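Reading through the structure tokens given below for one structure.
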Amino acid sequence: MKTVFVTVGTTSFDELTERVTTSEAVQALKARGYERLVLQVGRGSLLPDADSCLHIRLEAFRFKDSIAEDIKQADLVISHAGAGSCMETLGAGRPLLVVVNDKLMDNHQLELARQLHMDSHLLYCTCSTLTETLRTMDLSVLKPFIPGQPKHFANFLDKALGVQ
């Protein structure tokens with residue numbers, strides 16, 4: 001069963017939960033062959049019921065010890081723009097659509113999403129453009145993310161911060 005996994009991480013991102021469960025978004029997913037929608041809603045105030053979305057199998061939960069298996073089983077991951085969620089999904093080799101929370105101030109998430117998009121590792125949008133992005137996205141343009149060498153990054157940070 002073709003599955004979409006949606007994660008908001010440990011935060012609250014009710015707008016994403018609301019938008020991805022609208023009839024328009026669900027229709028866009030169905031048109032692409034997705035039959036199952038799994039939502040990890042974190043601390044959000046919304047926890048949709050299994051029968052709240054017609055035409056798609058819906059499952060929702062707040063937290064688990066690990067979402068690695070959900071990511072691995074997903075044919076598409078829709079995620080908030082948190083670095084941990086992005087890196088875990090890309091590291092698992094799953095197609096990723098990042099939804100940037102444009103209501104955050106000092107939005108470093110947009111910078112991360114924009115750079116990873118420019119490198120062709122993910123697609124990104126905002127809640128207001130989610131449905132249109134689901135309708136028009138081309139996952140075939142995405143390139144695998146090759147994890148870097150953490151030691152090199154740590155050395156770079158040490159130098160940049162004057163620790164070395």
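By order of appearance in the structure tokens: chains A, B, ..., then residues from 1 within every chain, and ligands from 1 in the order shown.
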Looking only at the backbone, which of the residues in stretch 30-101 of chain A does DSSP tag as strand (DSSP E), as an MDAnalysis selection string?
chainID A and resid 36:40 57:61 76:79 96:100
Please identify the alpha helix (DSSP H) residues within chain A (assignment by DSSP from backbone atoms) and present them as a ChimeraX atom specification.
/A:14-20,23-31,68-73,83-91,108-118,130-136,150-160
Using only C-alpha atoms, the best pick from A:Arg135, A:Val8, A:Ala50, A:Lys2 as closest to A:Gly84 would be A:Val8
Report as a list in words all protein, DNA and RNA residues lying within 8 Å of A:Pro144, evaluated on only C-alpha atoms, omitting residues in the same chain fewer than 2 positions from it.
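Returned residues: Leu90, Gly93, His121, Leu142 and Ile146 of chain A.
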